[in-house]
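Chemist: My structure is stored as model-v4.cif, with mmCIF, C-alpha atoms.
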```cif
data_final
loop_
_atom_site.label_atom_id
_atom_site.label_comp_id
_atom_site.auth_asym_id
_atom_site.auth_seq_id
_atom_site.Cartn_x
_atom_site.Cartn_y
_atom_site.Cartn_z
CA MET I 14 16.98 -117.82 56.58
CA THR I 15 18.64 -118.68 59.89
CA GLN I 16 16.64 -119.67 62.95
CA GLN I 17 17.66 -116.41 64.66
CA LYS I 18 16.08 -114.40 61.82
CA ILE I 19 13.00 -116.60 61.44
CA LEU I 20 11.95 -116.31 65.09
CA PRO I 21 11.51 -112.49 65.22
CA TYR I 22 9.51 -112.58 61.97
CA LYS I 23 7.22 -115.31 63.30
CA ILE I 24 6.66 -113.39 66.53
CA LYS I 25 5.84 -110.20 64.62
CA ALA I 26 3.56 -112.07 62.19
CA LEU I 27 1.72 -113.71 65.08
CA MET I 28 1.24 -110.37 66.85
CA VAL I 29 -0.14 -108.75 63.69
CA TRP I 30 -2.42 -111.74 63.09
CA LEU I 31 -3.78 -111.61 66.65
CA GLN I 32 -4.37 -107.86 66.42
CA ARG I 33 -6.37 -108.42 63.23
CA MET I 34 -7.98 -111.72 64.13
CA LYS I 35 -11.51 -110.34 63.80
CA TYR I 36 -10.84 -109.53 60.15
CA ILE I 37 -9.98 -113.08 59.01
CA GLN I 38 -11.68 -114.62 55.95
CA GLY I 39 -13.18 -111.32 54.85
CA PHE I 40 -15.22 -110.84 58.00
CA GLY I 41 -17.01 -107.51 57.97
CA ILE I 42 -16.65 -106.89 54.22
CA GLN I 43 -20.10 -106.13 52.82
CA SER I 44 -19.17 -105.44 49.21
CA PRO I 45 -19.16 -108.60 47.01
CA SER I 46 -16.33 -107.25 44.84
CA ALA I 47 -14.18 -106.32 47.86
CA PHE I 48 -14.87 -109.69 49.49
CA SER I 49 -13.90 -111.46 46.27
CA PHE I 50 -10.67 -109.46 46.01
CA ASP I 51 -9.76 -110.41 49.57
CA ARG I 52 -10.53 -114.11 49.25
CA GLU I 53 -9.38 -114.69 45.66
CA VAL I 54 -6.34 -112.42 45.55
CA ILE I 55 -5.08 -111.12 48.90
CA ASN I 56 -5.70 -114.21 51.00
CA ASN I 57 -5.66 -116.82 48.27
CA HIS I 58 -3.52 -119.58 49.79
CA THR I 59 -3.23 -121.70 46.65
CA SER I 60 0.31 -123.05 46.34
CA TYR I 61 0.90 -122.15 42.70
CA SER I 62 3.64 -124.21 41.05
CA VAL I 63 5.27 -121.00 39.83
CA TYR I 64 6.20 -120.16 43.44
CA ALA I 65 8.57 -123.14 43.59
CA GLU I 66 9.94 -122.36 40.14
CA LEU I 67 10.65 -118.74 41.04
CA ASN I 68 12.18 -119.77 44.36
CA LYS I 69 14.76 -121.84 42.45
CA ILE I 70 15.61 -118.95 40.13
CA CYS I 71 15.58 -116.13 42.67
CA PRO I 72 15.21 -117.40 46.24
CA ILE I 73 13.85 -114.82 48.68
CA LYS I 74 15.08 -115.80 52.12
CA ASN I 75 13.16 -113.12 54.01
CA ALA I 76 9.73 -114.61 54.78
CA GLU I 77 7.91 -111.28 54.78
CA GLU I 78 9.41 -110.27 51.42
CA ARG I 79 8.52 -113.68 49.96
CA LYS I 80 4.94 -113.31 51.19
CA LYS I 81 4.66 -109.90 49.54
CA ALA I 82 6.25 -111.09 46.30
CA ARG I 83 3.67 -113.86 46.04
CA LEU I 84 0.92 -111.34 46.69
CA LEU I 85 2.20 -109.21 43.80
CA TYR I 86 2.07 -112.31 41.60
CA ARG I 87 -1.58 -112.85 42.52
CA ILE I 88 -2.41 -109.17 42.09
CA ASN I 89 -0.99 -109.06 38.58
CA ARG I 90 -2.56 -112.41 37.77
CA PHE I 91 -5.85 -110.73 38.66
CA ALA I 92 -5.21 -107.32 37.04
CA LYS I 93 -3.14 -108.33 33.98
CA ALA I 94 -1.60 -104.88 34.05
CA ASP I 95 -0.27 -103.29 30.88
CA THR I 96 2.37 -101.47 32.94
CA PHE I 97 3.68 -101.86 36.47
CA TYR I 98 5.47 -98.78 37.77
CA PHE I 99 7.92 -98.94 40.67
CA CYS I 100 8.15 -95.59 42.41
CA PRO I 101 11.00 -94.73 42.72
CA THR I 102 13.06 -97.76 41.53
CA LYS I 103 12.57 -101.35 40.44
CA LEU I 104 12.83 -104.17 42.97
CA PRO I 105 14.14 -107.16 40.95
CA HIS I 106 12.89 -109.87 43.34
CA TYR I 107 9.36 -108.46 42.99
CA GLU I 108 9.68 -107.85 39.26
CA ARG I 109 10.14 -111.55 38.51
CA TYR I 110 6.89 -112.44 40.27
CA ILE I 111 5.02 -109.65 38.47
CA THR I 112 6.13 -110.73 35.00
CA ALA I 113 5.59 -114.41 35.85
CA ALA I 114 1.92 -113.56 36.39
CA ASN I 115 1.65 -111.81 33.02
CA GLU I 116 4.60 -111.77 30.65
CA LYS I 117 3.02 -108.91 28.68
CA THR I 118 3.26 -106.51 31.65
CA LEU I 119 5.86 -103.83 31.04
CA VAL I 120 7.80 -103.01 34.21
CA GLU I 121 9.03 -99.44 34.53
CA ASN I 122 10.32 -97.19 37.28
CA VAL I 123 9.85 -93.56 38.24
CA GLU I 124 13.24 -92.47 39.46
CA THR I 125 13.00 -88.80 40.31
CA LYS I 126 10.66 -86.15 41.58
CA TYR I 127 10.67 -84.64 38.10
CA GLU I 128 8.86 -87.58 36.56
CA THR I 129 5.37 -86.42 37.44
CA THR I 130 3.76 -86.70 34.01
CA VAL I 131 2.96 -90.42 33.93
CA GLU I 132 -0.51 -90.76 32.50
CA THR I 133 -2.42 -93.98 31.95
CA ALA I 134 -4.43 -94.23 28.74
CA SER I 135 -8.12 -94.69 29.43
CA ASN I 136 -8.13 -98.26 28.10
CA LYS I 137 -4.95 -99.40 29.87
CA VAL I 138 -4.35 -100.92 33.31
CA ALA I 139 -1.42 -99.63 35.34
CA ILE I 140 -0.26 -100.52 38.84
CA TYR I 141 1.85 -98.01 40.76
CA PHE I 142 3.98 -99.50 43.55
CA PHE I 143 5.28 -96.92 46.03
CA THR I 144 8.25 -97.41 48.30
CA VAL I 145 7.86 -94.24 50.35
CA CYS I 146 10.63 -91.70 49.78
CA ASN I 147 11.10 -87.93 49.65
CA HIS I 148 9.40 -87.66 46.26
CA SER I 149 6.37 -89.92 46.85
CA LYS I 150 3.94 -87.12 47.69
CA THR I 151 5.04 -85.05 44.69
CA PHE I 152 4.51 -87.93 42.30
CA TYR I 153 1.21 -88.99 43.86
CA ALA I 154 -0.15 -85.43 43.71
CA ALA I 155 0.28 -85.50 39.94
CA LEU I 156 -0.76 -89.13 39.52
CA ARG I 157 -4.10 -88.76 41.32
CA LYS I 158 -5.23 -86.26 38.68
CA THR I 159 -4.66 -88.61 35.75
CA ILE I 160 -4.97 -92.20 37.00
CA ASN I 161 -7.90 -94.02 35.38
CA ALA I 162 -10.56 -96.21 36.99
CA GLN I 163 -8.90 -99.46 35.90
CA SER I 164 -5.58 -98.65 37.57
CA PHE I 165 -4.57 -98.70 41.22
CA VAL I 166 -1.85 -97.92 43.74
CA ILE I 167 0.09 -100.16 46.12
CA VAL I 168 2.11 -98.70 49.00
CA ASP I 169 4.78 -100.88 50.60
CA ASN I 170 5.50 -101.03 54.35
CA ILE I 171 2.66 -98.69 55.35
CA ASN I 172 3.42 -99.15 59.05
CA LYS I 173 7.21 -99.11 58.92
CA THR I 174 7.76 -95.37 59.49
CA GLU I 175 5.70 -92.35 60.48
CA GLU I 176 6.29 -90.95 56.99
CA ALA I 177 4.89 -94.12 55.40
CA LYS I 178 1.87 -94.11 57.72
CA ALA I 179 1.10 -90.48 56.90
CA PHE I 180 1.46 -91.07 53.16
CA TRP I 181 -0.86 -94.08 53.27
CA HIS I 182 -3.51 -92.20 55.28
CA GLU I 183 -3.31 -89.34 52.81
CA ILE I 184 -4.16 -91.78 50.02
CA VAL I 185 -6.98 -93.41 52.01
CA ASP I 186 -8.49 -89.97 52.67
CA ASP I 187 -8.16 -88.86 49.04
CA GLU I 188 -11.61 -88.16 47.59
CA ARG I 189 -10.58 -89.91 44.36
CA VAL I 190 -9.96 -93.21 46.18
CA SER I 191 -12.87 -95.63 46.42
CA PHE I 192 -11.88 -98.93 48.03
CA SER I 193 -8.65 -99.21 49.99
CA PHE I 194 -7.22 -102.28 51.69
CA ASP I 195 -4.93 -102.06 54.71
CA LEU I 196 -2.86 -105.28 54.86
CA TYR I 197 -0.51 -103.90 57.54
CA TYR I 198 2.52 -104.81 55.38
CA MET I 199 1.07 -103.08 52.31
CA GLY I 200 -1.82 -100.87 51.28
CA ILE I 201 -3.85 -101.08 48.06
CA ALA I 202 -6.04 -98.24 46.77
CA PHE I 203 -8.50 -98.18 43.87
CA PHE I 204 -9.81 -95.18 41.92
CA ASP I 205 -13.08 -96.45 40.43
CA LYS I 206 -16.64 -95.35 41.18
CA ARG I 207 -17.43 -97.68 44.08
CA PRO I 208 -18.49 -96.11 47.41
CA LYS I 209 -15.53 -95.06 49.55
CA GLN I 210 -14.49 -97.68 52.10
CA ASN I 211 -11.23 -98.65 53.83
CA TYR I 212 -10.95 -102.33 54.73
CA ILE I 213 -8.62 -103.74 57.40
CA ILE I 214 -7.37 -107.13 56.21
CA ASN I 215 -5.69 -109.91 58.17
CA PHE I 216 -3.08 -110.83 55.57
#
```
Produce structure tokens that represent the structure in this file.
Modeler:
Amino acid sequence: MTQQKILPYKIKALMVWLQRMKYIQGFGIQSPSAFSFDREVINNHTSYSVYAELNKICPIKNAEERKKARLLYRINRFAKADTFYFCPTKLPHYERYITAANEKTLVENVETKYETTVETASNKVAIYFFTVCNHSKTFYAALRKTINAQSFVIVDNINKTEEAKAFWHEIVDDERVSFSFDLYYMGIAFFDKRPKQNYIINF
């Protein structure tokens, strides 16, 4: 990444960090499981050797994208998902990090608004990664009825557009959602039986 491209990212990252400074290191999180997820997954700063290995195979020059790819590695390392669904299409630079975390994870994509019948078996773990598009709401409306308590949703770039913001807030407000984590760059929502709570995270 050139110096001209690095500088705007660093300025943006600093501004986001300052805006969320009071949420560093899990401050304000009362739930032990939510605190653990923040500290051990979201903001785990361990420099895993696989990061360097993946960077040689598929270098990601954009610092924000690299940060998110490493987060997806940690998430799947934690979840050991049976299936990871990209909605609507696969993102290869993310896919490599996901399968590096668990080679048994099957990576699929949901390409069209007509694919609204994805159902996760009760004993399986699925992660649904949304890049907001015209069909996101249609797919989510069907998904929320069938997603099990072990599975969860990730929404990319939740602050990039008004459409993305609205979609993320719709998920946060969904009565089926328990814990949700607002990372600014991404959102993560769970569907288990824990008390409803949205956490702002300084990621």
Chemist: From the set I:Ile201, I:Ile70, I:Ala94, I:Leu119, which residue has the shortest atom-to-atom contact distance to His182 of chain I, counting all atoms listed in the file?
Modeler: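 Ranking I:Ile201, I:Ile70, I:Ala94, I:Leu119 by distance to His182 of chain I, first place goes to I:Ile201.
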Chemist: What does the structure give for the distance between atom CA of Thr118 of chain I and atom CA of Asn136 of chain I, in Å to one decimal?
Modeler: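 Interatomic distance, atom CA of Thr118 of chain I to atom CA of Asn136 of chain I: 14.5 Å.
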Chemist: One decimal, in Å: what's the spacing between atom CA of Val29 of chain I and atom CA of Ala76 of chain I?
Modeler: 14.5 Å
Chemist: Looking at I:Thr112, I:Ser60, I:Gln163, I:Asn147, which one is nearest to Phe204 of chain I, with distances taken over all atoms listed in the file?
Modeler: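 Nearest candidate to Phe204 of chain I out of I:Thr112, I:Ser60, I:Gln163, I:Asn147: I:Gln163.
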Chemist: Near Leu196 of chain I, within 8 Å and counting only C-alpha atoms, which residues show up once chain neighbours fewer than 2 positions away are dropped, as a CSV table (one decimal) with C-alpha atoms, in the coordinates of the input?
Modeler:
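Saved file selection30.csv follows:
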```
chain,number,residue,atom,x,y,z
I,194,PHE,CA,-7.2,-102.3,51.7
I,198,TYR,CA,2.5,-104.8,55.4
I,199,MET,CA,1.1,-103.1,52.3
I,200,GLY,CA,-1.8,-100.9,51.3
I,213,ILE,CA,-8.6,-103.7,57.4
I,214,ILE,CA,-7.4,-107.1,56.2
I,215,ASN,CA,-5.7,-109.9,58.2
I,216,PHE,CA,-3.1,-110.8,55.6
```
Chemist: Using atom CA of Ile184 of chain I and atom CA of Tyr36 of chain I as the two end points, give the distance in Å to one decimal.
Modeler: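 Taking atom CA of Ile184 of chain I and atom CA of Tyr36 of chain I, their separation equals 21.5 Å.
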Chemist: Once the PyMOL selection byres ((chain I and resi 164) around 8) is applied to the coordinates I shared, what remains selected? I want it as an MDAnalysis selection string.
Modeler: chainID I and resid 133 137:140 160:163 165:166 203:204
Chemist: Please evaluate the PyMOL selection byres ((chain I and resi 187) around 12) against the structure above and give the resulting residues as a list in words.
Modeler: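 This file, filtered by the PyMOL selection byres ((chain I and resi 187) around 12), leaves Tyr153, Ala154, Arg157, Lys158, Phe180, Trp181, His182, Glu183, Ile184, Val185, Asp186, Glu188, Arg189, Val190, Ser191, Phe192, Ser193, Ala202, Phe203, Phe204, Lys209, Gln210 and Asn211 of chain I.
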Chemist: Skip Ile73 of chain I itself and residues of its chain fewer than 3 positions away, then list as number ranges by chain all residues within 12 Å of it, counting all atoms listed in the file.
Modeler: I: 14, 64-65, 67-70, 76-83, 105-107, 109-110
Chemist: Between I:Ile88, I:Val123, I:Met28, I:Ile37, which has the minimum distance to Glu53 of chain I (counting all atoms listed in the file)?
Modeler: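 Looking at the shortest contact to Glu53 of chain I, the residue is I:Ile88.
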Chemist: Name the residues in contact with Val54 of chain I at a cut-off of 9 Å, using all atoms listed in the file, excluding same-chain residues fewer than 6 positions from it; report them as a PyMOL selection string.
Modeler: chain I and resi 84+87-88+90-91
Chemist: Taking into account only C-alpha atoms, which residue in the set I:Cys100, I:Ile24, I:Ile111, I:Ala179 is nearest to Cys146 of chain I?
Modeler: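 Between I:Cys100, I:Ile24, I:Ile111, I:Ala179, the residue approaching Cys146 of chain I most closely is I:Cys100.
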Chemist: Can you put N, CA and C atoms back into segment 185-209 of chain I and show it as a CSV table (one decimal), in the frame of the given file?
Modeler:
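Result written to result.csv:
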```csv
chain,number,residue,atom,x,y,z
I,185,VAL,N,-5.7,-92.9,51.6
I,185,VAL,CA,-7.0,-93.4,52.0
I,185,VAL,C,-8.0,-92.3,52.1
I,186,ASP,N,-7.6,-91.1,52.5
I,186,ASP,CA,-8.5,-90.0,52.7
I,186,ASP,C,-8.8,-89.2,51.4
I,187,ASP,N,-8.0,-89.5,50.3
I,187,ASP,CA,-8.2,-88.9,49.0
I,187,ASP,C,-9.6,-89.1,48.5
I,188,GLU,N,-10.2,-88.0,48.1
I,188,GLU,CA,-11.6,-88.2,47.6
I,188,GLU,C,-11.7,-89.0,46.3
I,189,ARG,N,-10.6,-89.1,45.6
I,189,ARG,CA,-10.6,-89.9,44.4
I,189,ARG,C,-10.5,-91.4,44.6
I,190,VAL,N,-10.1,-91.8,45.8
I,190,VAL,CA,-10.0,-93.2,46.2
I,190,VAL,C,-11.3,-93.8,46.6
I,191,SER,N,-11.6,-94.9,46.0
I,191,SER,CA,-12.9,-95.6,46.4
I,191,SER,C,-12.6,-96.7,47.5
I,192,PHE,N,-12.2,-97.9,47.1
I,192,PHE,CA,-11.9,-98.9,48.0
I,192,PHE,C,-10.4,-98.9,48.3
I,193,SER,N,-10.1,-99.1,49.6
I,193,SER,CA,-8.6,-99.2,50.0
I,193,SER,C,-8.6,-100.4,51.0
I,194,PHE,N,-7.4,-101.1,50.9
I,194,PHE,CA,-7.2,-102.3,51.7
I,194,PHE,C,-5.9,-102.1,52.5
I,195,ASP,N,-6.1,-102.2,53.8
I,195,ASP,CA,-4.9,-102.1,54.7
I,195,ASP,C,-4.5,-103.5,55.1
I,196,LEU,N,-3.4,-103.9,54.6
I,196,LEU,CA,-2.9,-105.3,54.9
I,196,LEU,C,-1.8,-105.3,55.9
I,197,TYR,N,-1.6,-104.2,56.6
I,197,TYR,CA,-0.5,-103.9,57.5
I,197,TYR,C,0.9,-103.8,56.8
I,198,TYR,N,1.2,-104.8,56.1
I,198,TYR,CA,2.5,-104.8,55.4
I,198,TYR,C,2.5,-104.0,54.1
I,199,MET,N,1.3,-103.8,53.5
I,199,MET,CA,1.1,-103.1,52.3
I,199,MET,C,-0.3,-102.4,52.3
I,200,GLY,N,-0.5,-101.5,51.5
I,200,GLY,CA,-1.8,-100.9,51.3
I,200,GLY,C,-2.1,-100.9,49.8
I,201,ILE,N,-3.4,-101.1,49.5
I,201,ILE,CA,-3.8,-101.1,48.1
I,201,ILE,C,-5.0,-100.1,47.9
I,202,ALA,N,-5.0,-99.2,46.9
I,202,ALA,CA,-6.0,-98.2,46.8
I,202,ALA,C,-6.5,-98.2,45.3
I,203,PHE,N,-7.9,-98.2,45.2
I,203,PHE,CA,-8.5,-98.2,43.9
I,203,PHE,C,-9.1,-96.8,43.6
I,204,PHE,N,-9.3,-96.5,42.3
I,204,PHE,CA,-9.8,-95.2,41.9
I,204,PHE,C,-11.1,-95.3,41.0
I,205,ASP,N,-11.9,-96.3,41.2
I,205,ASP,CA,-13.1,-96.4,40.4
I,205,ASP,C,-14.2,-95.7,41.1
I,206,LYS,N,-15.5,-96.1,40.7
I,206,LYS,CA,-16.6,-95.4,41.2
I,206,LYS,C,-17.4,-96.0,42.3
I,207,ARG,N,-16.8,-97.0,43.0
I,207,ARG,CA,-17.4,-97.7,44.1
I,207,ARG,C,-17.4,-96.8,45.3
I,208,PRO,N,-18.4,-97.0,46.2
I,208,PRO,CA,-18.5,-96.1,47.4
I,208,PRO,C,-17.2,-96.2,48.2
I,209,LYS,N,-16.8,-95.1,48.8
I,209,LYS,CA,-15.5,-95.1,49.6
I,209,LYS,C,-15.6,-96.0,50.8
```
